[in-house]
Amino acid sequence: MRFAKSILVILFSILGALTTARATTQIHIDLTTQTMHVDSSSGSYTWPVSTARSGYSTPRGSYAPTGLQRMHYSKKYHMSPMPYSIFFRGGYAIHGTYATGALGRPASHGCVRLSPAHAAQLYHLVQTEGGSISITGAPPGPTRFAAANRHARMMLASHQRRGHAEALAYAPPHHRHFLGVRGWQADPFYSPYPYNYGGF
């Protein structure tokens, strides 16, 4: 009788473990399409994301969440808000962004950005079920902007054919001679440079 009870306990433990494993939220991020696909016990979802823009990278591979923060502020990037952060590799995280107009194309410093509503939903799923994260694909290359670049090159060539040597968006500064101490007294804020890079 004891042996039968022990076997039942082991079977229920195995079934419980299998159920828990199936309930884990599966998160797949595709860098090529800039989308996230989520499979969870409450349903499946596909959302637009923003991953690393040019000059930065989002790591590819398989990860488990290493930490959750309801609101995190990035010390590295000017205390930028990162609501519903799910950290998965060092400082890399999936988190909400208020720059929702950029979703669907690369725009981040390496994190995976979602709309705040989707980030909150994902955060609660991972908090409840746990999660696994996979990141695959390659970010969209410069071919996406080839038509725009070709148009710009054509405009520049046309401009140069007409005898204009200057760049299209450049206006030469108007030079004004500094008049010494009397000039400074008359106009102490005058700068011979076209722009005040120090700012006010």
# chains A, B, ... in the order shown; residues from 1 in each chain; ligands from 1
$ residues_around --residues "region 117-123 of chain A" --least-positions-apart "2" --cutoff "12 Å" --atoms "only C-alpha atoms" --output "PyMOL selection string"
chain A and resi 24-27+36-49+65+67-71+82-87+93-98+100+103+112-115+125-133
$ atom_distance --atom1 "CA of Ser74 (chain A)" --atom2 "CA of Pro106 (chain A)"
18.7 Å
$ residues_around --residues "region 52-59 of chain A" --least-positions-apart "2" --cutoff "6 Å" --atoms "only C-alpha atoms" --output "list in words"
Pro106, Ala107, Ser108, His109 and Gly110 of chain A
$ write_last_selection --atoms "N, CA, C and O atoms" --output "CSV table (one decimal), in the first residue's frame"
chain,number,residue,atom,x,y,z
A,106,PRO,N,14.2,49.2,-36.0
A,106,PRO,CA,15.3,49.4,-35.0
A,106,PRO,C,15.3,50.8,-34.5
A,106,PRO,O,15.3,51.7,-35.3
A,107,ALA,N,15.4,51.0,-33.2
A,107,ALA,CA,15.5,52.3,-32.6
A,107,ALA,C,16.1,52.4,-31.2
A,107,ALA,O,16.3,53.4,-30.7
A,108,SER,N,16.5,51.2,-30.6
A,108,SER,CA,17.0,51.2,-29.3
A,108,SER,C,18.5,51.2,-29.2
A,108,SER,O,19.2,51.1,-30.2
A,109,HIS,N,19.0,51.2,-27.9
A,109,HIS,CA,20.4,51.0,-27.7
A,109,HIS,C,20.8,49.5,-27.6
A,109,HIS,O,21.9,49.2,-27.2
A,110,GLY,N,19.8,48.6,-27.7
A,110,GLY,CA,20.1,47.2,-27.6
A,110,GLY,C,18.9,46.5,-26.9
A,110,GLY,O,18.8,45.3,-27.1
$ select_by_dssp --residues "region 42-141 of chain A" --states "helix (DSSP H, G or I)" --output "ChimeraX atom specification"
/A:100-102,116-129
$ write_last_selection --atoms "N, CA, C and O atoms" --output "short mmCIF file (atom, residue, chain, number, x, y, z; two decimals), in the first residue's frame"
data_model
loop_
_atom_site.label_atom_id
_atom_site.label_comp_id
_atom_site.auth_asym_id
_atom_site.auth_seq_id
_atom_site.Cartn_x
_atom_site.Cartn_y
_atom_site.Cartn_z
N THR A 100 6.36 55.04 -29.08
CA THR A 100 5.62 53.99 -29.78
C THR A 100 5.62 54.17 -31.30
O THR A 100 5.41 53.22 -32.03
N GLY A 101 5.87 55.38 -31.77
CA GLY A 101 5.92 55.62 -33.22
C GLY A 101 7.08 54.91 -33.89
O GLY A 101 7.07 54.72 -35.10
N ALA A 102 8.11 54.53 -33.11
CA ALA A 102 9.28 53.85 -33.68
C ALA A 102 9.14 52.34 -33.67
O ALA A 102 9.99 51.64 -34.23
N PRO A 116 3.84 50.30 -23.93
CA PRO A 116 3.64 50.12 -22.49
C PRO A 116 2.56 49.09 -22.15
O PRO A 116 2.73 48.29 -21.22
N ALA A 117 1.47 49.06 -22.91
CA ALA A 117 0.39 48.10 -22.63
C ALA A 117 0.85 46.66 -22.86
O ALA A 117 0.58 45.77 -22.04
N HIS A 118 1.55 46.42 -23.96
CA HIS A 118 2.04 45.07 -24.24
C HIS A 118 3.14 44.67 -23.25
O HIS A 118 3.20 43.52 -22.82
N ALA A 119 3.98 45.64 -22.88
CA ALA A 119 5.03 45.35 -21.90
C ALA A 119 4.42 44.96 -20.55
O ALA A 119 4.90 44.04 -19.89
N ALA A 120 3.36 45.65 -20.16
CA ALA A 120 2.69 45.32 -18.89
C ALA A 120 2.09 43.93 -18.95
O ALA A 120 2.21 43.14 -18.00
N GLN A 121 1.45 43.61 -20.08
CA GLN A 121 0.84 42.28 -20.24
C GLN A 121 1.91 41.18 -20.18
O GLN A 121 1.75 40.17 -19.49
N LEU A 122 3.02 41.39 -20.88
CA LEU A 122 4.10 40.41 -20.90
C LEU A 122 4.73 40.27 -19.51
O LEU A 122 5.02 39.17 -19.05
N TYR A 123 4.91 41.38 -18.83
CA TYR A 123 5.49 41.40 -17.49
C TYR A 123 4.67 40.52 -16.54
O TYR A 123 5.22 39.69 -15.81
N HIS A 124 3.34 40.68 -16.60
CA HIS A 124 2.47 39.91 -15.70
C HIS A 124 2.46 38.42 -16.08
O HIS A 124 2.40 37.56 -15.21
N LEU A 125 2.55 38.12 -17.36
CA LEU A 125 2.63 36.72 -17.79
C LEU A 125 3.90 36.06 -17.25
O LEU A 125 3.86 34.96 -16.70
N VAL A 126 5.02 36.74 -17.41
CA VAL A 126 6.30 36.18 -16.95
C VAL A 126 6.33 36.10 -15.43
O VAL A 126 6.85 35.13 -14.86
N GLN A 127 5.75 37.09 -14.78
CA GLN A 127 5.69 37.08 -13.32
C GLN A 127 4.89 35.89 -12.80
O GLN A 127 5.24 35.26 -11.81
N THR A 128 3.83 35.53 -13.53
CA THR A 128 2.95 34.43 -13.13
C THR A 128 3.50 33.07 -13.55
O THR A 128 3.50 32.13 -12.77
N GLU A 129 3.98 32.97 -14.80
CA GLU A 129 4.33 31.67 -15.38
C GLU A 129 5.82 31.42 -15.51
O GLU A 129 6.23 30.30 -15.80
#
$ atom_distance --atom1 "CA of Leu31 (chain A)" --atom2 "CA of Ser80 (chain A)"
22.7 Å
$ select_by_dssp --residues "region 45-151 of chain A" --states "strand (DSSP E)" --output "mmCIF file with N, CA, C and O atoms, in the first residue's frame"
data_model
loop_
_atom_site.group_PDB
_atom_site.id
_atom_site.type_symbol
_atom_site.label_atom_id
_atom_site.label_comp_id
_atom_site.auth_asym_id
_atom_site.auth_seq_id
_atom_site.Cartn_x
_atom_site.Cartn_y
_atom_site.Cartn_z
ATOM 1 N N TYR A 45 0.226 35.884 -28.887
ATOM 2 C CA TYR A 45 0.201 37.294 -29.283
ATOM 3 C C TYR A 45 1.390 37.573 -30.200
ATOM 4 O O TYR A 45 2.442 36.965 -30.067
ATOM 5 N N THR A 46 1.212 38.521 -31.107
ATOM 6 C CA THR A 46 2.310 39.017 -31.934
ATOM 7 C C THR A 46 2.277 40.537 -31.865
ATOM 8 O O THR A 46 1.243 41.154 -32.149
ATOM 9 N N TRP A 47 3.412 41.115 -31.451
ATOM 10 C CA TRP A 47 3.492 42.558 -31.249
ATOM 11 C C TRP A 47 4.693 43.144 -31.969
ATOM 12 O O TRP A 47 5.735 42.491 -32.097
ATOM 13 N N PRO A 48 4.605 44.413 -32.424
ATOM 14 C CA PRO A 48 5.788 45.076 -33.003
ATOM 15 C C PRO A 48 6.755 45.477 -31.884
ATOM 16 O O PRO A 48 6.327 45.823 -30.777
ATOM 17 N N GLY A 61 20.188 34.672 -29.262
ATOM 18 C CA GLY A 61 20.396 33.481 -28.454
ATOM 19 C C GLY A 61 19.169 33.148 -27.636
ATOM 20 O O GLY A 61 18.085 33.708 -27.846
ATOM 21 N N SER A 62 19.327 32.219 -26.703
ATOM 22 C CA SER A 62 18.233 31.778 -25.822
ATOM 23 C C SER A 62 18.566 32.189 -24.394
ATOM 24 O O SER A 62 19.691 31.986 -23.930
ATOM 25 N N TYR A 63 17.574 32.751 -23.728
ATOM 26 C CA TYR A 63 17.788 33.300 -22.390
ATOM 27 C C TYR A 63 16.600 32.985 -21.483
ATOM 28 O O TYR A 63 15.497 32.704 -21.959
ATOM 29 N N GLY A 67 15.614 38.979 -14.007
ATOM 30 C CA GLY A 67 15.047 39.915 -13.044
ATOM 31 C C GLY A 67 13.888 40.682 -13.631
ATOM 32 O O GLY A 67 13.828 40.899 -14.843
ATOM 33 N N LEU A 68 12.968 41.077 -12.774
ATOM 34 C CA LEU A 68 11.805 41.867 -13.180
ATOM 35 C C LEU A 68 11.784 43.153 -12.358
ATOM 36 O O LEU A 68 11.988 43.114 -11.146
ATOM 37 N N GLN A 69 11.546 44.282 -13.025
ATOM 38 C CA GLN A 69 11.387 45.552 -12.318
ATOM 39 C C GLN A 69 10.205 46.296 -12.911
ATOM 40 O O GLN A 69 10.180 46.544 -14.113
ATOM 41 N N ARG A 70 9.280 46.637 -12.052
ATOM 42 C CA ARG A 70 8.070 47.336 -12.493
ATOM 43 C C ARG A 70 8.417 48.665 -13.167
ATOM 44 O O ARG A 70 7.841 49.039 -14.171
ATOM 45 N N MET A 71 9.396 49.390 -12.596
ATOM 46 C CA MET A 71 9.884 50.613 -13.238
ATOM 47 C C MET A 71 11.386 50.708 -12.981
ATOM 48 O O MET A 71 11.826 50.671 -11.837
ATOM 49 N N HIS A 72 12.128 50.792 -14.062
ATOM 50 C CA HIS A 72 13.582 50.910 -13.966
ATOM 51 C C HIS A 72 13.986 52.169 -14.720
ATOM 52 O O HIS A 72 13.372 52.518 -15.730
ATOM 53 N N TYR A 73 15.012 52.852 -14.215
ATOM 54 C CA TYR A 73 15.544 54.025 -14.899
ATOM 55 C C TYR A 73 16.980 53.728 -15.317
ATOM 56 O O TYR A 73 17.794 53.322 -14.500
ATOM 57 N N SER A 74 17.272 53.917 -16.590
ATOM 58 C CA SER A 74 18.590 53.577 -17.131
ATOM 59 C C SER A 74 19.630 54.608 -16.700
ATOM 60 O O SER A 74 19.583 55.760 -17.120
ATOM 61 N N SER A 80 16.625 57.261 -18.526
ATOM 62 C CA SER A 80 15.451 56.992 -19.365
ATOM 63 C C SER A 80 14.554 55.960 -18.672
ATOM 64 O O SER A 80 15.045 54.958 -18.155
ATOM 65 N N PRO A 81 13.238 56.196 -18.680
ATOM 66 C CA PRO A 81 12.325 55.239 -18.030
ATOM 67 C C PRO A 81 12.192 53.947 -18.824
ATOM 68 O O PRO A 81 12.097 53.974 -20.044
ATOM 69 N N MET A 82 12.188 52.828 -18.109
ATOM 70 C CA MET A 82 12.023 51.506 -18.718
ATOM 71 C C MET A 82 10.923 50.772 -17.958
ATOM 72 O O MET A 82 11.205 49.924 -17.108
ATOM 73 N N PRO A 83 9.650 51.095 -18.235
ATOM 74 C CA PRO A 83 8.567 50.441 -17.489
ATOM 75 C C PRO A 83 8.453 48.954 -17.839
ATOM 76 O O PRO A 83 8.706 48.552 -18.960
ATOM 77 N N TYR A 84 8.081 48.175 -16.836
ATOM 78 C CA TYR A 84 7.855 46.720 -16.990
ATOM 79 C C TYR A 84 9.080 46.022 -17.584
ATOM 80 O O TYR A 84 8.991 45.321 -18.578
ATOM 81 N N SER A 85 10.217 46.217 -16.952
ATOM 82 C CA SER A 85 11.474 45.643 -17.445
ATOM 83 C C SER A 85 11.599 44.168 -17.091
ATOM 84 O O SER A 85 11.406 43.781 -15.944
ATOM 85 N N ILE A 86 11.937 43.377 -18.104
ATOM 86 C CA ILE A 86 12.258 41.958 -17.929
ATOM 87 C C ILE A 86 13.709 41.810 -18.385
ATOM 88 O O ILE A 86 14.004 41.796 -19.585
ATOM 89 N N PHE A 87 14.638 41.736 -17.429
ATOM 90 C CA PHE A 87 16.057 41.631 -17.766
ATOM 91 C C PHE A 87 16.389 40.194 -18.137
ATOM 92 O O PHE A 87 15.890 39.255 -17.524
ATOM 93 N N PHE A 88 17.256 40.042 -19.155
ATOM 94 C CA PHE A 88 17.585 38.680 -19.590
ATOM 95 C C PHE A 88 19.073 38.457 -19.812
ATOM 96 O O PHE A 88 19.526 37.331 -19.880
ATOM 97 N N ARG A 89 19.862 39.517 -19.935
ATOM 98 C CA ARG A 89 21.315 39.352 -20.085
ATOM 99 C C ARG A 89 21.987 40.644 -19.660
ATOM 100 O O ARG A 89 21.956 41.633 -20.376
ATOM 101 N N TYR A 92 20.619 44.162 -20.581
ATOM 102 C CA TYR A 92 19.624 44.044 -21.658
ATOM 103 C C TYR A 92 18.280 43.640 -21.069
ATOM 104 O O TYR A 92 18.205 42.765 -20.211
ATOM 105 N N ALA A 93 17.224 44.264 -21.582
ATOM 106 C CA ALA A 93 15.883 43.975 -21.064
ATOM 107 C C ALA A 93 14.841 44.128 -22.158
ATOM 108 O O ALA A 93 15.060 44.804 -23.161
ATOM 109 N N ILE A 94 13.709 43.484 -21.932
ATOM 110 C CA ILE A 94 12.490 43.759 -22.695
ATOM 111 C C ILE A 94 11.737 44.755 -21.823
ATOM 112 O O ILE A 94 11.569 44.515 -20.624
ATOM 113 N N HIS A 95 11.308 45.864 -22.390
ATOM 114 C CA HIS A 95 10.609 46.861 -21.562
ATOM 115 C C HIS A 95 9.701 47.739 -22.414
ATOM 116 O O HIS A 95 9.808 47.777 -23.646
ATOM 117 N N GLY A 96 8.838 48.457 -21.754
ATOM 118 C CA GLY A 96 7.938 49.375 -22.432
ATOM 119 C C GLY A 96 8.666 50.629 -22.877
ATOM 120 O O GLY A 96 9.706 51.000 -22.327
ATOM 121 N N VAL A 112 14.956 45.449 -26.036
ATOM 122 C CA VAL A 112 13.793 45.155 -26.872
ATOM 123 C C VAL A 112 12.641 45.986 -26.328
ATOM 124 O O VAL A 112 12.216 45.800 -25.194
ATOM 125 N N ARG A 113 12.156 46.920 -27.131
ATOM 126 C CA ARG A 113 11.097 47.834 -26.692
ATOM 127 C C ARG A 113 9.732 47.372 -27.192
ATOM 128 O O ARG A 113 9.600 46.938 -28.334
ATOM 129 N N LEU A 114 8.748 47.542 -26.310
ATOM 130 C CA LEU A 114 7.337 47.247 -26.612
ATOM 131 C C LEU A 114 6.490 48.454 -26.237
ATOM 132 O O LEU A 114 6.943 49.313 -25.473
ATOM 133 N N GLY A 131 9.314 32.423 -17.822
ATOM 134 C CA GLY A 131 9.429 32.656 -19.257
ATOM 135 C C GLY A 131 10.731 32.163 -19.831
ATOM 136 O O GLY A 131 11.698 31.913 -19.116
ATOM 137 N N SER A 132 10.732 32.006 -21.130
ATOM 138 C CA SER A 132 11.956 31.725 -21.872
ATOM 139 C C SER A 132 11.973 32.663 -23.068
ATOM 140 O O SER A 132 10.928 32.966 -23.645
ATOM 141 N N ILE A 133 13.156 33.144 -23.403
ATOM 142 C CA ILE A 133 13.309 34.172 -24.435
ATOM 143 C C ILE A 133 14.263 33.660 -25.509
ATOM 144 O O ILE A 133 15.343 33.160 -25.200
ATOM 145 N N SER A 134 13.838 33.769 -26.761
ATOM 146 C CA SER A 134 14.749 33.457 -27.870
ATOM 147 C C SER A 134 14.764 34.640 -28.826
ATOM 148 O O SER A 134 13.727 35.249 -29.102
ATOM 149 N N ILE A 135 15.955 34.976 -29.289
ATOM 150 C CA ILE A 135 16.134 36.104 -30.208
ATOM 151 C C ILE A 135 16.887 35.590 -31.428
ATOM 152 O O ILE A 135 17.987 35.048 -31.310
ATOM 153 N N THR A 136 16.275 35.739 -32.593
ATOM 154 C CA THR A 136 16.868 35.249 -33.837
ATOM 155 C C THR A 136 16.764 36.318 -34.925
ATOM 156 O O THR A 136 16.137 37.362 -34.727
#
$ atom_distance --atom1 "CA of Gly141 (chain A)" --atom2 "CA of Ala99 (chain A)"
21.5 Å
$ decode --residues "region 23-40 of chain A" --atoms "N, CA and C atoms" --output "PDB file, in the first residue's frame"
ATOM      1  N   ALA A  23       3.375  25.652 -19.114  1.00  0.00           N
ATOM      2  CA  ALA A  23       2.772  26.944 -18.801  1.00  0.00           C
ATOM      3  C   ALA A  23       3.756  28.099 -18.923  1.00  0.00           C
ATOM      4  N   THR A  24       5.064  27.804 -19.054  1.00  0.00           N
ATOM      5  CA  THR A  24       6.058  28.867 -19.165  1.00  0.00           C
ATOM      6  C   THR A  24       5.789  29.705 -20.412  1.00  0.00           C
ATOM      7  N   THR A  25       5.820  31.010 -20.240  1.00  0.00           N
ATOM      8  CA  THR A  25       5.609  31.923 -21.367  1.00  0.00           C
ATOM      9  C   THR A  25       6.799  31.855 -22.311  1.00  0.00           C
ATOM     10  N   GLN A  26       6.531  31.536 -23.563  1.00  0.00           N
ATOM     11  CA  GLN A  26       7.568  31.448 -24.600  1.00  0.00           C
ATOM     12  C   GLN A  26       7.591  32.773 -25.368  1.00  0.00           C
ATOM     13  N   ILE A  27       8.734  33.435 -25.358  1.00  0.00           N
ATOM     14  CA  ILE A  27       8.878  34.740 -26.011  1.00  0.00           C
ATOM     15  C   ILE A  27       9.891  34.592 -27.146  1.00  0.00           C
ATOM     16  N   HIS A  28       9.457  34.869 -28.367  1.00  0.00           N
ATOM     17  CA  HIS A  28      10.383  34.814 -29.507  1.00  0.00           C
ATOM     18  C   HIS A  28      10.437  36.185 -30.165  1.00  0.00           C
ATOM     19  N   ILE A  29      11.658  36.724 -30.277  1.00  0.00           N
ATOM     20  CA  ILE A  29      11.873  38.029 -30.901  1.00  0.00           C
ATOM     21  C   ILE A  29      12.592  37.806 -32.224  1.00  0.00           C
ATOM     22  N   ASP A  30      12.014  38.349 -33.300  1.00  0.00           N
ATOM     23  CA  ASP A  30      12.602  38.235 -34.632  1.00  0.00           C
ATOM     24  C   ASP A  30      13.169  39.599 -35.018  1.00  0.00           C
ATOM     25  N   LEU A  31      14.500  39.685 -35.076  1.00  0.00           N
ATOM     26  CA  LEU A  31      15.145  40.954 -35.402  1.00  0.00           C
ATOM     27  C   LEU A  31      14.851  41.396 -36.828  1.00  0.00           C
ATOM     28  N   THR A  32      14.659  40.440 -37.727  1.00  0.00           N
ATOM     29  CA  THR A  32      14.430  40.763 -39.137  1.00  0.00           C
ATOM     30  C   THR A  32      13.101  41.478 -39.331  1.00  0.00           C
ATOM     31  N   THR A  33      12.049  40.945 -38.702  1.00  0.00           N
ATOM     32  CA  THR A  33      10.712  41.534 -38.879  1.00  0.00           C
ATOM     33  C   THR A  33      10.362  42.535 -37.786  1.00  0.00           C
ATOM     34  N   GLN A  34      11.234  42.665 -36.777  1.00  0.00           N
ATOM     35  CA  GLN A  34      10.992  43.563 -35.644  1.00  0.00           C
ATOM     36  C   GLN A  34       9.638  43.258 -34.983  1.00  0.00           C
ATOM     37  N   THR A  35       9.445  41.957 -34.714  1.00  0.00           N
ATOM     38  CA  THR A  35       8.219  41.516 -34.042  1.00  0.00           C
ATOM     39  C   THR A  35       8.559  40.575 -32.896  1.00  0.00           C
ATOM     40  N   MET A  36       7.627  40.468 -31.983  1.00  0.00           N
ATOM     41  CA  MET A  36       7.724  39.520 -30.876  1.00  0.00           C
ATOM     42  C   MET A  36       6.495  38.627 -30.932  1.00  0.00           C
ATOM     43  N   HIS A  37       6.725  37.313 -30.823  1.00  0.00           N
ATOM     44  CA  HIS A  37       5.620  36.366 -30.753  1.00  0.00           C
ATOM     45  C   HIS A  37       5.645  35.736 -29.367  1.00  0.00           C
ATOM     46  N   VAL A  38       4.502  35.728 -28.718  1.00  0.00           N
ATOM     47  CA  VAL A  38       4.389  35.220 -27.349  1.00  0.00           C
ATOM     48  C   VAL A  38       3.371  34.086 -27.316  1.00  0.00           C
ATOM     49  N   ASP A  39       3.772  32.955 -26.730  1.00  0.00           N
ATOM     50  CA  ASP A  39       2.857  31.846 -26.466  1.00  0.00           C
ATOM     51  C   ASP A  39       2.771  31.673 -24.958  1.00  0.00           C
ATOM     52  N   SER A  40       1.541  31.732 -24.439  1.00  0.00           N
ATOM     53  CA  SER A  40       1.353  31.590 -22.997  1.00  0.00           C
ATOM     54  C   SER A  40       0.091  30.788 -22.725  1.00  0.00           C
TER      55      SER A  40
END
